[in-house]
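upload.cif follows; it contains mmCIF, C-alpha atoms and all ligand atoms.
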data_start
loop_
_atom_site.label_atom_id
_atom_site.label_comp_id
_atom_site.auth_asym_id
_atom_site.auth_seq_id
_atom_site.Cartn_x
_atom_site.Cartn_y
_atom_site.Cartn_z
CA MET A 189 37.64 -43.77 49.40
CA THR A 190 40.39 -41.40 49.99
CA GLY A 191 38.49 -38.69 50.12
CA ILE A 192 38.56 -35.54 51.31
CA ARG A 193 35.50 -36.74 52.85
CA ARG A 194 32.70 -34.99 54.57
CA GLU A 195 30.01 -37.65 54.74
CA ARG A 196 29.60 -40.02 57.62
CA PRO A 197 29.20 -43.65 56.75
CA GLY A 198 25.82 -45.15 57.58
CA THR A 199 25.21 -47.37 60.53
CA PRO A 200 27.18 -50.58 60.58
CA GLU A 201 23.87 -52.41 60.83
CA ALA A 202 22.61 -50.96 57.59
CA ARG A 203 25.82 -51.85 55.87
CA ARG A 204 25.89 -55.33 57.33
CA TYR A 205 22.42 -56.02 56.07
CA SER A 206 22.99 -54.83 52.57
CA ARG A 207 26.39 -56.39 51.99
CA ARG A 208 25.42 -59.80 53.31
CA ASP A 209 22.10 -59.74 51.64
CA PHE A 210 23.38 -58.93 48.19
CA LEU A 211 26.27 -61.30 48.34
CA LYS A 212 23.71 -64.03 48.69
CA VAL A 213 21.65 -62.76 45.79
CA GLY A 214 23.29 -64.43 42.85
CA GLY A 215 21.63 -62.50 40.06
CA ALA A 216 18.93 -59.91 39.85
CA GLY A 217 17.42 -60.14 43.30
CA LEU A 218 14.16 -58.58 44.30
CA ALA A 219 15.79 -56.46 46.96
CA GLY A 220 18.31 -55.27 44.43
CA THR A 221 15.63 -54.24 41.98
CA ALA A 222 13.69 -52.41 44.66
CA LEU A 223 16.73 -50.46 45.73
CA LEU A 224 17.58 -49.66 42.19
CA GLY A 225 14.18 -48.10 41.73
CA ALA A 226 14.73 -46.07 44.84
CA ALA A 227 18.06 -44.85 43.53
CA GLY A 228 16.27 -43.67 40.41
CA CYS A 229 18.55 -45.35 37.88
CA GLY A 230 17.12 -46.35 34.59
CA GLY A 231 18.74 -49.07 32.54
CA GLY A 232 21.59 -48.69 30.07
CA GLY A 233 21.82 -44.95 30.41
CA SER A 234 24.51 -44.23 27.82
CA GLY A 235 23.20 -41.89 25.21
CA SER A 236 25.26 -40.85 22.20
CA GLY A 237 28.58 -39.60 23.50
CA ASN A 238 27.20 -39.18 27.02
CA LEU A 239 29.22 -41.09 29.56
CA VAL A 240 28.45 -41.66 33.22
CA PHE A 241 31.43 -41.86 35.56
CA THR A 242 30.97 -42.94 39.17
CA MET A 243 33.22 -42.05 42.06
CA GLY A 244 32.82 -41.28 45.75
CA THR A 245 32.54 -37.73 47.04
CA ASP A 246 35.40 -35.51 46.01
CA THR A 247 35.29 -32.33 48.01
CA SER A 248 38.75 -31.37 46.77
CA GLY A 249 36.90 -30.18 43.68
CA THR A 250 39.70 -31.39 41.45
CA LEU A 251 37.69 -34.21 39.94
CA GLN A 252 34.88 -32.10 38.54
CA GLY A 253 37.46 -29.62 37.30
CA LEU A 254 39.27 -32.32 35.36
CA ILE A 255 36.05 -33.74 33.97
CA ASP A 256 35.10 -30.25 32.78
CA LYS A 257 38.47 -30.00 31.07
CA PHE A 258 37.96 -33.35 29.34
CA ASN A 259 34.47 -32.31 28.25
CA LYS A 260 35.80 -29.06 26.85
CA GLU A 261 38.50 -30.83 24.87
CA ASN A 262 35.91 -33.26 23.53
CA LYS A 263 33.11 -30.78 22.95
CA GLY A 264 30.45 -32.03 20.55
CA LYS A 265 31.84 -35.55 20.75
CA LEU A 266 31.89 -36.79 24.34
CA LYS A 267 30.42 -35.59 27.58
CA VAL A 268 31.20 -37.18 30.90
CA THR A 269 28.86 -36.74 33.84
CA TYR A 270 30.18 -37.38 37.33
CA ARG A 271 27.69 -39.44 39.30
CA GLU A 272 28.69 -38.97 42.91
CA MET A 273 28.64 -42.11 45.02
CA PRO A 274 28.97 -42.63 48.78
CA THR A 275 32.32 -41.72 50.26
CA ASP A 276 32.51 -44.97 52.17
CA THR A 277 33.96 -47.60 49.86
CA GLY A 278 31.74 -50.36 51.30
CA GLN A 279 28.57 -48.38 50.74
CA TYR A 280 29.67 -47.37 47.25
CA PHE A 281 30.40 -50.99 46.38
CA ASP A 282 27.00 -52.13 47.68
CA LYS A 283 25.34 -49.60 45.48
CA ILE A 284 26.98 -50.59 42.23
CA LYS A 285 26.75 -54.28 43.07
CA THR A 286 23.00 -53.90 43.45
CA GLU A 287 22.77 -52.23 40.08
CA PHE A 288 24.95 -54.76 38.32
CA GLN A 289 23.15 -57.71 39.90
CA ALA A 290 19.88 -56.28 38.71
CA GLY A 291 21.42 -55.94 35.25
CA GLN A 292 20.37 -52.31 35.14
CA SER A 293 23.14 -49.85 35.44
CA ASN A 294 23.67 -46.55 33.67
CA ILE A 295 27.36 -46.50 34.56
CA ASP A 296 30.02 -46.42 31.82
CA ILE A 297 33.18 -45.82 33.83
CA ILE A 298 33.78 -46.79 37.43
CA GLY A 299 36.32 -45.24 39.77
CA GLY A 300 36.85 -48.46 41.71
CA ASP A 301 38.71 -49.38 44.88
CA VAL A 302 41.69 -51.72 44.39
CA ILE A 303 39.90 -54.38 46.45
CA TRP A 304 36.98 -54.64 44.03
CA THR A 305 38.64 -56.03 40.91
CA ALA A 306 38.39 -59.76 41.67
CA GLN A 307 34.71 -59.63 42.51
CA MET A 308 33.78 -57.36 39.62
CA ALA A 309 35.76 -59.39 37.11
CA ALA A 310 34.54 -62.77 38.38
CA ASN A 311 30.94 -61.56 38.05
CA GLY A 312 31.47 -60.19 34.54
CA TRP A 313 30.58 -56.61 35.52
CA VAL A 314 33.68 -54.98 34.08
CA LEU A 315 35.43 -55.10 30.74
CA ASP A 316 38.58 -57.13 30.15
CA VAL A 317 41.01 -54.53 28.73
CA THR A 318 43.98 -56.85 28.22
CA ASP A 319 44.13 -56.12 24.48
CA ARG A 320 43.85 -52.38 24.94
CA PHE A 321 46.44 -52.16 27.71
CA PRO A 322 49.55 -54.08 26.61
CA LYS A 323 52.48 -54.91 28.90
CA SER A 324 54.56 -52.14 27.28
CA GLU A 325 51.99 -49.61 28.55
CA GLN A 326 51.52 -51.35 31.89
CA SER A 327 55.22 -50.88 32.61
CA LYS A 328 54.67 -47.12 32.89
CA TYR A 329 52.68 -47.68 36.08
CA LEU A 330 53.65 -48.81 39.58
CA PRO A 331 53.53 -52.59 39.87
CA ALA A 332 51.08 -52.79 42.80
CA PRO A 333 48.18 -50.98 41.10
CA ILE A 334 48.74 -53.15 38.02
CA GLU A 335 48.57 -56.21 40.25
CA SER A 336 45.38 -54.92 41.82
CA LEU A 337 43.84 -54.89 38.35
CA THR A 338 45.05 -58.32 37.38
CA TYR A 339 42.70 -61.21 37.90
CA ASP A 340 42.57 -64.55 36.09
CA ASP A 341 45.66 -63.52 34.08
CA LYS A 342 43.80 -60.62 32.50
CA ILE A 343 43.78 -56.91 33.23
CA TRP A 344 40.47 -55.20 34.01
CA GLY A 345 41.15 -51.46 33.98
CA LYS A 346 43.81 -48.78 34.32
CA PRO A 347 45.43 -47.51 37.52
CA TRP A 348 44.31 -44.07 38.62
CA PHE A 349 45.78 -43.04 41.98
CA THR A 350 47.38 -45.14 44.65
CA ASP A 351 47.40 -45.12 48.43
CA ALA A 352 49.38 -46.59 51.28
CA GLY A 353 48.70 -46.14 54.97
CA LEU A 354 51.05 -43.40 56.23
CA LEU A 355 52.05 -42.14 59.65
CA PHE A 356 51.61 -38.38 59.91
CA TYR A 357 53.38 -36.69 62.77
CA ARG A 358 53.74 -33.21 64.20
CA ALA A 359 57.42 -32.59 63.54
CA ASP A 360 57.25 -29.27 65.43
CA LEU A 361 55.94 -30.91 68.61
CA LEU A 362 58.39 -33.80 68.44
CA GLU A 363 61.26 -31.39 68.05
CA LYS A 364 60.14 -29.31 70.99
CA SER A 365 60.20 -32.43 73.16
CA GLY A 366 63.66 -33.33 71.92
CA PHE A 367 62.95 -35.87 69.16
CA SER A 368 64.57 -35.23 65.82
CA GLU A 369 63.34 -38.38 64.04
CA PRO A 370 59.92 -40.01 63.79
CA PRO A 371 59.41 -43.41 65.46
CA GLN A 372 60.44 -46.65 63.78
CA THR A 373 58.57 -48.92 66.17
CA TRP A 374 55.20 -48.83 67.92
CA MET A 375 57.04 -48.77 71.24
CA GLU A 376 58.99 -45.67 70.23
CA LEU A 377 55.77 -44.08 69.06
CA GLN A 378 54.20 -44.68 72.45
CA GLU A 379 57.18 -43.21 74.32
CA MET A 380 57.32 -40.14 72.11
CA ALA A 381 53.57 -39.59 72.24
CA GLU A 382 53.47 -39.84 76.02
CA LYS A 383 56.31 -37.37 76.41
CA VAL A 384 54.83 -34.82 74.01
CA MET A 385 51.39 -35.17 75.60
CA GLN A 386 52.90 -34.54 79.00
CA ASP A 387 55.35 -31.80 78.04
CA GLN A 388 53.03 -29.83 75.83
CA GLY A 389 49.52 -30.69 76.99
CA ILE A 390 48.48 -32.32 73.73
CA LYS A 391 45.23 -34.25 74.13
CA TYR A 392 46.02 -37.45 72.23
CA GLY A 393 49.03 -39.43 71.16
CA ILE A 394 47.56 -41.11 68.10
CA VAL A 395 44.36 -41.28 66.10
CA PHE A 396 43.48 -43.63 63.28
CA GLN A 397 40.47 -45.16 61.53
CA GLY A 398 39.00 -47.71 63.93
CA SER A 399 35.37 -47.71 62.87
CA ASN A 400 33.49 -50.79 61.68
CA TYR A 401 34.10 -50.30 57.94
CA GLU A 402 36.74 -50.94 55.29
CA GLY A 403 39.18 -48.36 56.63
CA GLY A 404 39.05 -50.17 59.98
CA VAL A 405 40.21 -53.31 58.20
CA CYS A 406 43.15 -51.47 56.62
CA ASN A 407 44.21 -50.03 59.97
CA ALA A 408 43.89 -53.24 61.97
CA LEU A 409 45.73 -55.20 59.27
CA GLU A 410 48.67 -52.82 59.60
CA TYR A 411 48.93 -53.74 63.29
CA VAL A 412 48.56 -57.42 62.41
CA TRP A 413 51.18 -57.37 59.64
CA THR A 414 53.72 -55.26 61.55
CA HIS A 415 53.60 -57.79 64.38
CA GLY A 416 54.27 -60.63 61.93
CA GLY A 417 50.68 -61.90 61.56
CA ASP A 418 48.65 -62.40 58.39
CA VAL A 419 45.21 -63.39 57.12
CA LEU A 420 45.85 -65.97 54.43
CA ASP A 421 48.64 -68.20 53.30
CA GLY A 422 47.43 -69.18 49.86
CA ASP A 423 43.97 -70.59 50.53
CA GLU A 424 44.67 -71.29 54.14
CA VAL A 425 43.36 -68.93 56.81
CA ILE A 426 46.14 -68.25 59.31
CA ILE A 427 44.73 -65.32 61.20
CA ASP A 428 44.55 -67.16 64.54
CA SER A 429 48.16 -66.63 65.58
CA PRO A 430 49.97 -65.05 68.54
CA GLU A 431 51.32 -62.41 66.16
CA THR A 432 47.85 -61.30 65.07
CA VAL A 433 46.73 -61.20 68.69
CA ALA A 434 49.79 -59.11 69.59
CA GLY A 435 48.96 -56.66 66.79
CA LEU A 436 45.40 -56.17 67.98
CA GLU A 437 46.63 -55.84 71.56
CA THR A 438 48.93 -52.99 70.58
CA GLN A 439 46.05 -51.28 68.80
CA ARG A 440 43.66 -51.71 71.76
CA GLY A 441 46.50 -50.77 74.14
CA PHE A 442 46.64 -47.29 72.63
CA VAL A 443 43.06 -46.77 73.81
CA THR A 444 43.50 -48.29 77.28
CA ASP A 445 46.76 -46.38 77.81
CA GLY A 446 45.01 -43.12 76.97
CA LEU A 447 46.97 -42.38 73.80
CA ALA A 448 44.00 -42.75 71.48
CA PRO A 449 40.55 -41.40 72.29
CA GLU A 450 37.87 -43.96 73.29
CA GLY A 451 35.92 -42.73 70.31
CA VAL A 452 38.61 -43.88 67.89
CA SER A 453 36.53 -47.03 67.40
CA THR A 454 34.06 -44.81 65.53
CA TYR A 455 36.67 -42.86 63.58
CA THR A 456 36.83 -42.92 59.80
CA GLU A 457 39.05 -40.60 57.78
CA THR A 458 36.48 -37.84 58.37
CA GLU A 459 37.15 -37.77 62.11
CA THR A 460 40.90 -38.25 61.69
CA ASP A 461 41.41 -35.02 59.71
CA PRO A 462 40.11 -32.57 62.35
CA ALA A 463 41.79 -34.42 65.23
CA PHE A 464 45.20 -34.17 63.61
CA LEU A 465 44.90 -30.95 61.66
CA GLY A 466 43.05 -29.28 64.53
CA GLY A 467 46.09 -29.88 66.74
CA ASP A 468 44.68 -32.48 69.14
CA THR A 469 47.13 -35.30 68.47
CA VAL A 470 50.82 -35.94 67.93
CA PHE A 471 50.39 -38.78 65.42
CA ALA A 472 47.73 -39.85 62.95
CA ARG A 473 47.54 -42.75 60.58
CA ASN A 474 45.88 -41.71 57.34
CA TRP A 475 46.17 -41.68 53.55
CA SER A 476 48.10 -39.16 51.48
CA TYR A 477 45.11 -36.90 50.76
CA MET A 478 45.17 -35.45 54.30
CA TYR A 479 48.34 -33.52 53.52
CA ALA A 480 46.46 -31.26 51.09
CA LEU A 481 44.18 -30.08 53.90
CA ALA A 482 46.98 -28.82 56.14
CA GLY A 483 47.01 -25.03 56.47
CA THR A 484 43.75 -24.59 54.53
CA SER A 485 41.00 -22.34 55.88
CA ASP A 486 39.50 -25.27 57.82
CA TYR A 487 42.85 -25.99 59.48
CA PRO A 488 44.90 -22.78 59.44
CA ASP A 489 47.14 -23.61 62.42
CA VAL A 490 48.60 -26.94 61.43
CA THR A 491 50.46 -25.89 58.33
CA PRO A 492 52.37 -28.29 56.04
CA GLU A 493 55.71 -27.18 57.57
CA LYS A 494 54.65 -28.60 60.93
CA ILE A 495 53.89 -32.00 59.52
CA GLY A 496 56.09 -34.97 58.82
CA VAL A 497 55.05 -38.15 57.05
CA THR A 498 56.65 -41.56 57.36
CA SER A 499 56.01 -45.28 57.10
CA ILE A 500 53.80 -47.16 59.56
CA PRO A 501 55.90 -48.25 62.59
CA THR A 502 56.59 -51.88 63.26
CA VAL A 503 57.91 -54.04 66.10
CA GLU A 504 61.59 -55.00 66.36
CA GLY A 505 62.34 -57.64 63.80
CA ALA A 506 58.92 -57.64 62.11
CA PRO A 507 58.43 -56.47 58.54
CA LYS A 508 57.34 -52.99 57.57
CA ALA A 509 53.84 -52.98 56.14
CA ASN A 510 51.57 -50.23 54.91
CA CYS A 511 48.12 -51.21 53.73
CA GLN A 512 47.88 -50.91 49.97
CA GLY A 513 44.96 -48.74 48.91
CA GLY A 514 44.09 -46.84 45.79
CA TRP A 515 41.58 -46.42 43.02
CA ASN A 516 41.39 -47.71 39.47
CA LEU A 517 39.42 -46.82 36.36
CA LEU A 518 37.21 -49.64 35.11
CA ILE A 519 34.72 -49.85 32.27
CA SER A 520 31.29 -51.34 32.77
CA ALA A 521 30.69 -54.50 30.74
CA ASN A 522 27.15 -53.13 30.17
CA SER A 523 28.26 -49.85 28.66
CA ASP A 524 27.18 -49.21 25.07
CA LEU A 525 30.06 -46.79 24.70
CA GLN A 526 33.09 -48.82 25.65
CA GLU A 527 35.41 -47.20 23.09
CA GLU A 528 34.41 -43.74 24.26
CA ALA A 529 34.71 -44.81 27.89
CA TRP A 530 38.23 -46.02 27.13
CA GLU A 531 39.12 -42.60 25.74
CA PHE A 532 38.16 -41.06 29.07
CA VAL A 533 40.08 -43.73 31.01
CA GLN A 534 43.16 -43.03 28.88
CA TRP A 535 42.88 -39.32 29.47
CA MET A 536 42.31 -39.58 33.23
CA SER A 537 45.15 -42.04 33.78
CA ALA A 538 47.62 -40.07 31.64
CA GLU A 539 50.40 -38.03 33.18
CA PRO A 540 48.89 -34.52 32.94
CA ALA A 541 45.64 -35.48 34.72
CA GLN A 542 47.49 -37.50 37.35
CA LYS A 543 49.92 -34.66 37.95
CA GLU A 544 47.09 -32.19 38.44
CA ARG A 545 45.40 -34.44 41.02
CA ALA A 546 48.72 -34.92 42.80
CA LEU A 547 49.47 -31.20 42.96
CA SER A 548 46.03 -30.05 43.99
CA ALA A 549 44.78 -32.91 46.15
CA THR A 550 48.04 -34.69 47.16
CA LEU A 551 46.76 -37.96 45.74
CA LEU A 552 49.56 -40.36 44.91
CA PRO A 553 50.07 -40.94 41.20
CA THR A 554 50.25 -44.43 39.70
CA ARG A 555 52.54 -43.27 36.84
CA THR A 556 56.10 -44.05 37.89
CA SER A 557 57.58 -41.03 36.07
CA LEU A 558 55.74 -38.60 38.35
CA TYR A 559 57.73 -39.84 41.34
CA ASP A 560 60.81 -38.26 39.76
CA ASP A 561 59.08 -35.02 38.89
CA PRO A 562 60.71 -32.28 41.01
CA GLU A 563 57.55 -30.20 41.17
CA VAL A 564 55.53 -33.15 42.42
CA ASN A 565 58.19 -34.12 44.97
CA GLU A 566 58.37 -30.60 46.29
CA LYS A 567 54.67 -29.87 46.54
CA VAL A 568 53.57 -33.36 47.50
CA PRO A 569 56.10 -34.62 50.05
CA THR A 570 54.03 -37.76 50.54
CA THR A 571 55.30 -38.85 47.12
CA VAL A 572 58.81 -38.92 48.56
CA VAL A 573 57.80 -41.07 51.54
CA ALA A 574 55.57 -43.10 49.30
CA LYS A 575 58.62 -44.30 47.39
CA THR A 576 59.41 -46.46 50.44
CA ALA A 577 55.90 -46.84 51.79
CA LEU A 578 54.68 -48.16 48.46
CA THR A 579 57.46 -50.70 48.33
CA ASN A 580 56.31 -51.97 51.72
CA ALA A 581 52.65 -51.80 50.79
CA LYS A 582 50.74 -55.00 51.30
CA PRO A 583 47.48 -55.80 49.56
CA ARG A 584 44.39 -56.96 51.37
CA PRO A 585 43.39 -60.54 50.50
CA VAL A 586 42.55 -60.91 46.83
CA SER A 587 39.30 -62.85 46.41
CA PRO A 588 35.98 -62.63 44.58
CA TYR A 589 34.60 -62.94 48.12
CA TYR A 590 36.70 -60.16 49.57
CA SER A 591 33.72 -57.99 50.49
CA ASP A 592 32.35 -60.84 52.59
CA MET A 593 35.73 -61.35 54.26
CA SER A 594 36.07 -57.65 54.91
CA LEU A 595 32.68 -57.57 56.57
CA GLU A 596 33.76 -60.21 59.06
CA MET A 597 37.12 -58.56 59.66
CA SER A 598 35.76 -55.07 60.17
CA GLU A 599 33.28 -56.36 62.72
CA GLN A 600 35.77 -58.40 64.73
CA PHE A 601 38.57 -55.85 64.56
CA ASN A 602 36.16 -53.18 65.77
CA THR A 603 34.86 -55.40 68.58
CA SER A 604 38.43 -55.97 69.75
CA LEU A 605 39.29 -52.28 69.54
CA LYS A 606 36.24 -51.36 71.61
CA GLY A 607 37.26 -53.91 74.21
CA ASP A 608 33.95 -55.77 73.86
CA GLU A 609 35.89 -58.94 73.16
CA SER A 610 39.51 -59.86 73.71
CA PRO A 611 41.81 -59.89 70.68
CA GLU A 612 42.15 -63.69 71.17
CA ALA A 613 38.38 -64.20 70.99
CA ALA A 614 38.02 -61.89 67.99
CA VAL A 615 40.77 -63.70 66.14
CA LYS A 616 39.26 -67.14 66.89
CA THR A 617 35.88 -66.02 65.57
CA LEU A 618 37.59 -64.70 62.46
CA GLN A 619 39.53 -67.89 61.88
CA ASP A 620 36.22 -69.79 61.60
CA SER A 621 34.23 -67.26 59.63
CA LEU A 622 37.01 -66.56 57.13
CA GLN A 623 37.62 -70.27 56.70
CA GLN A 624 33.96 -70.75 55.78
CA ILE A 625 34.16 -67.99 53.19
CA VAL A 626 37.33 -69.39 51.67
CA GLU A 627 35.80 -72.88 51.49
CA GLN A 628 32.68 -71.51 49.85
CA ALA A 629 34.93 -69.88 47.25
CA SER A 630 36.87 -73.00 46.34
C1 LIG B 701 41.28 -45.37 50.80
C2 LIG B 701 42.00 -46.44 50.02
C3 LIG B 701 41.07 -47.58 49.72
C4 LIG B 701 40.50 -48.10 51.01
C5 LIG B 701 39.77 -46.98 51.75
C6 LIG B 701 39.26 -47.41 53.12
O1 LIG B 701 40.34 -44.76 50.00
O2 LIG B 701 42.48 -45.91 48.81
O3 LIG B 701 41.77 -48.61 49.04
O4 LIG B 701 39.64 -49.20 50.80
O5 LIG B 701 40.61 -45.88 51.94
O6 LIG B 701 38.59 -46.37 53.76
#
Would you encode the structure as structure tokens?
Ligand code: GLC
Amino acid sequence: MTGIRRERPGTPEARRYSRRDFLKVGGAGLAGTALLGAAGCGGGGSGSGNLVFTMGTDTSGTLQGLIDKFNKENKGKLKVTYREMPTDTGQYFDKIKTEFQAGQSNIDIIGGDVIWTAQMAANGWVLDVTDRFPKSEQSKYLPAPIESLTYDDKIWGKPWFTDAGLLFYRADLLEKSGFSEPPQTWMELQEMAEKVMQDQGIKYGIVFQGSNYEGGVCNALEYVWTHGGDVLDGDEVIIDSPETVAGLETQRGFVTDGLAPEGVSTYTETETDPAFLGGDTVFARNWSYMYALAGTSDYPDVTPEKIGVTSIPTVEGAPKANCQGGWNLLISANSDLQEEAWEFVQWMSAEPAQKERALSATLLPTRTSLYDDPEVNEKVPTTVVAKTALTNAKPRPVSPYYSDMSLEMSEQFNTSLKGDESPEAAVKTLQDSLQQIVEQAS
């Protein structure tokens, strides 16, 4: 998740096992039940007025603060408990999937990644809220998060906060080396980075999330898209193209040319923050949340004034593309307290709660009105860039089998980034494996 994350994801092997395994378990599998026991979750945990809300780690502290506020306002009536889930979206998804497949979940409200909706809806794990959330209300939110919640012509939750991959840059360093504007293309980025590294002894040119996990998929897809490649055209897998190969070559090239550290193939957001905010790199690709950490006690030197934020670069003539991320609020189909859960969803997705999260954690709101709020624009400059970045934001493939597709992509993209396989070979492998998944789905 966007997180102001502190946890390290588990080993790719562990993740690979669990995600594959549970995708194959159609219903309540033995493995699922065993894990559920280990996690200590009973079944149908909603007591009277007691709601369980799941979300990944939130070290910004703003989430618990808001929940406390909701609980105070609803004292004697409703009480929401935050059940903290893994920071890594893939691990978090595995966990709830296991519980839902076993038919034993105590969750009422789910803070869910935008990529989960199709799979959760297709499996009947979340509530269809089409009647509760009419088009007149939907129009108050950005279109992309609404789309991310739409599956089978129904809507399955409310938008919470949104994300788009952003390019953070050290405006102070660029200026010192004679650059007044951030790069528009990957080539310009390389030239600028090399000059600043040389002039000012900065260790790296760029860092990003290259590890074998969901964030690695988002990052690699940005290289693919901005070189004119894509994954699907309708139901057809089109990933094996010269454009995709060129995208992965640019990404790998940053490592071989010494702009990105070798270790970037193990980087998640957690490793990106200290590299950029600790002053080791000129550029970093990350989500909006990182802005809130600038100039804090962990990173006192790289203050917000030194940082610029812009859209992901592209190549001449290719489209701009920022990976669409973000998190929604969904209600468990198993919850005994769906009306009460909806009250919480309404409250959390409303303007005041969204504004508070934007101001204190620089998370991008999904309410359109907040993009014209002067206080938000001033304190959260990423909202200004996001106006363009969100227009260019591109969703990852929408499929009830997305988690399976992502697993294949994260593995191959990571293999290519590490140089263990050529981009051509990685893309050929992906063409076959994604095709099989798509065929299985149809
Ligand atoms: C951010 C995005 C989410 C994405 C994740 C990958 O949390 O909001 O959509 O899947 O990063 O790490």
All residues within 10 Å of ligand LIG 701 (chain B) are required, counting only C-alpha atoms and all ligand atoms; please report them as a PDB file with C-alpha atoms, keeping the file's coordinate frame.
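As written to disk, selection_30.pdb reads:
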ATOM      1  CA  MET A 189      37.640 -43.770  49.400  1.00  0.00           C
ATOM      2  CA  THR A 190      40.390 -41.400  49.990  1.00  0.00           C
ATOM      3  CA  GLY A 191      38.490 -38.690  50.120  1.00  0.00           C
ATOM      4  CA  ILE A 192      38.560 -35.540  51.310  1.00  0.00           C
ATOM      5  CA  ARG A 193      35.500 -36.740  52.850  1.00  0.00           C
ATOM      6  CA  GLY A 244      32.820 -41.280  45.750  1.00  0.00           C
ATOM      7  CA  THR A 275      32.320 -41.720  50.260  1.00  0.00           C
ATOM      8  CA  ASP A 276      32.510 -44.970  52.170  1.00  0.00           C
ATOM      9  CA  THR A 277      33.960 -47.600  49.860  1.00  0.00           C
ATOM     10  CA  GLY A 278      31.740 -50.360  51.300  1.00  0.00           C
ATOM     11  CA  GLY A 300      36.850 -48.460  41.710  1.00  0.00           C
ATOM     12  CA  ASP A 301      38.710 -49.380  44.880  1.00  0.00           C
ATOM     13  CA  VAL A 302      41.690 -51.720  44.390  1.00  0.00           C
ATOM     14  CA  ILE A 303      39.900 -54.380  46.450  1.00  0.00           C
ATOM     15  CA  TRP A 304      36.980 -54.640  44.030  1.00  0.00           C
ATOM     16  CA  PHE A 349      45.780 -43.040  41.980  1.00  0.00           C
ATOM     17  CA  THR A 350      47.380 -45.140  44.650  1.00  0.00           C
ATOM     18  CA  ASP A 351      47.400 -45.120  48.430  1.00  0.00           C
ATOM     19  CA  ALA A 352      49.380 -46.590  51.280  1.00  0.00           C
ATOM     20  CA  GLY A 353      48.700 -46.140  54.970  1.00  0.00           C
ATOM     21  CA  GLN A 397      40.470 -45.160  61.530  1.00  0.00           C
ATOM     22  CA  SER A 399      35.370 -47.710  62.870  1.00  0.00           C
ATOM     23  CA  TYR A 401      34.100 -50.300  57.940  1.00  0.00           C
ATOM     24  CA  GLU A 402      36.740 -50.940  55.290  1.00  0.00           C
ATOM     25  CA  GLY A 403      39.180 -48.360  56.630  1.00  0.00           C
ATOM     26  CA  GLY A 404      39.050 -50.170  59.980  1.00  0.00           C
ATOM     27  CA  VAL A 405      40.210 -53.310  58.200  1.00  0.00           C
ATOM     28  CA  CYS A 406      43.150 -51.470  56.620  1.00  0.00           C
ATOM     29  CA  ASN A 407      44.210 -50.030  59.970  1.00  0.00           C
ATOM     30  CA  THR A 456      36.830 -42.920  59.800  1.00  0.00           C
ATOM     31  CA  GLU A 457      39.050 -40.600  57.780  1.00  0.00           C
ATOM     32  CA  THR A 458      36.480 -37.840  58.370  1.00  0.00           C
ATOM     33  CA  ASN A 474      45.880 -41.710  57.340  1.00  0.00           C
ATOM     34  CA  TRP A 475      46.170 -41.680  53.550  1.00  0.00           C
ATOM     35  CA  SER A 476      48.100 -39.160  51.480  1.00  0.00           C
ATOM     36  CA  TYR A 477      45.110 -36.900  50.760  1.00  0.00           C
ATOM     37  CA  CYS A 511      48.120 -51.210  53.730  1.00  0.00           C
ATOM     38  CA  GLN A 512      47.880 -50.910  49.970  1.00  0.00           C
ATOM     39  CA  GLY A 513      44.960 -48.740  48.910  1.00  0.00           C
ATOM     40  CA  GLY A 514      44.090 -46.840  45.790  1.00  0.00           C
ATOM     41  CA  TRP A 515      41.580 -46.420  43.020  1.00  0.00           C
ATOM     42  CA  ASN A 516      41.390 -47.710  39.470  1.00  0.00           C
ATOM     43  CA  LEU A 551      46.760 -37.960  45.740  1.00  0.00           C
ATOM     44  CA  LEU A 552      49.560 -40.360  44.910  1.00  0.00           C
ATOM     45  CA  PRO A 583      47.480 -55.800  49.560  1.00  0.00           C
ATOM     46  CA  ARG A 584      44.390 -56.960  51.370  1.00  0.00           C
TER      47      ARG A 584
END
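Counting all atoms listed in the file, the residue from A:Leu518, A:Ser548, A:Tyr339, A:Asp620 that sits nearest to Thr247 of chain A is A:Ser548.
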Problem set entry | Proximity to Val412 of chain A - best of A:Leu239, A:Val615, A:Met536, A:Ala472, all atoms listed in the file |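 Using all atoms listed in the file, the shortest distance to Val412 of chain A belongs to A:Val615.
Residue nearest Gln628 of chain A, chosen from A:Asp423, A:Glu493, A:Glu431, A:Glu363 and counting only C-alpha atoms: A:Asp423.
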Compute the distance from (43.3, -53.0, 25.4) to each atom, counting all atoms listed in the file, keep the residues with any atom at most 12 Å away, and return them as a CSV table (one decimal) with C-alpha atoms, in the frame of the given file; use the coordinates of the file.
chain,number,residue,atom,x,y,z
A,315,LEU,CA,35.4,-55.1,30.7
A,316,ASP,CA,38.6,-57.1,30.2
A,317,VAL,CA,41.0,-54.5,28.7
A,318,THR,CA,44.0,-56.8,28.2
A,319,ASP,CA,44.1,-56.1,24.5
A,320,ARG,CA,43.8,-52.4,24.9
A,321,PHE,CA,46.4,-52.2,27.7
A,322,PRO,CA,49.6,-54.1,26.6
A,323,LYS,CA,52.5,-54.9,28.9
A,324,SER,CA,54.6,-52.1,27.3
A,325,GLU,CA,52.0,-49.6,28.6
A,326,GLN,CA,51.5,-51.4,31.9
A,342,LYS,CA,43.8,-60.6,32.5
A,343,ILE,CA,43.8,-56.9,33.2
A,344,TRP,CA,40.5,-55.2,34.0
A,345,GLY,CA,41.2,-51.5,34.0
A,346,LYS,CA,43.8,-48.8,34.3
A,518,LEU,CA,37.2,-49.6,35.1
A,519,ILE,CA,34.7,-49.8,32.3
A,526,GLN,CA,33.1,-48.8,25.6
A,527,GLU,CA,35.4,-47.2,23.1
A,530,TRP,CA,38.2,-46.0,27.1
A,531,GLU,CA,39.1,-42.6,25.7
A,533,VAL,CA,40.1,-43.7,31.0
A,534,GLN,CA,43.2,-43.0,28.9
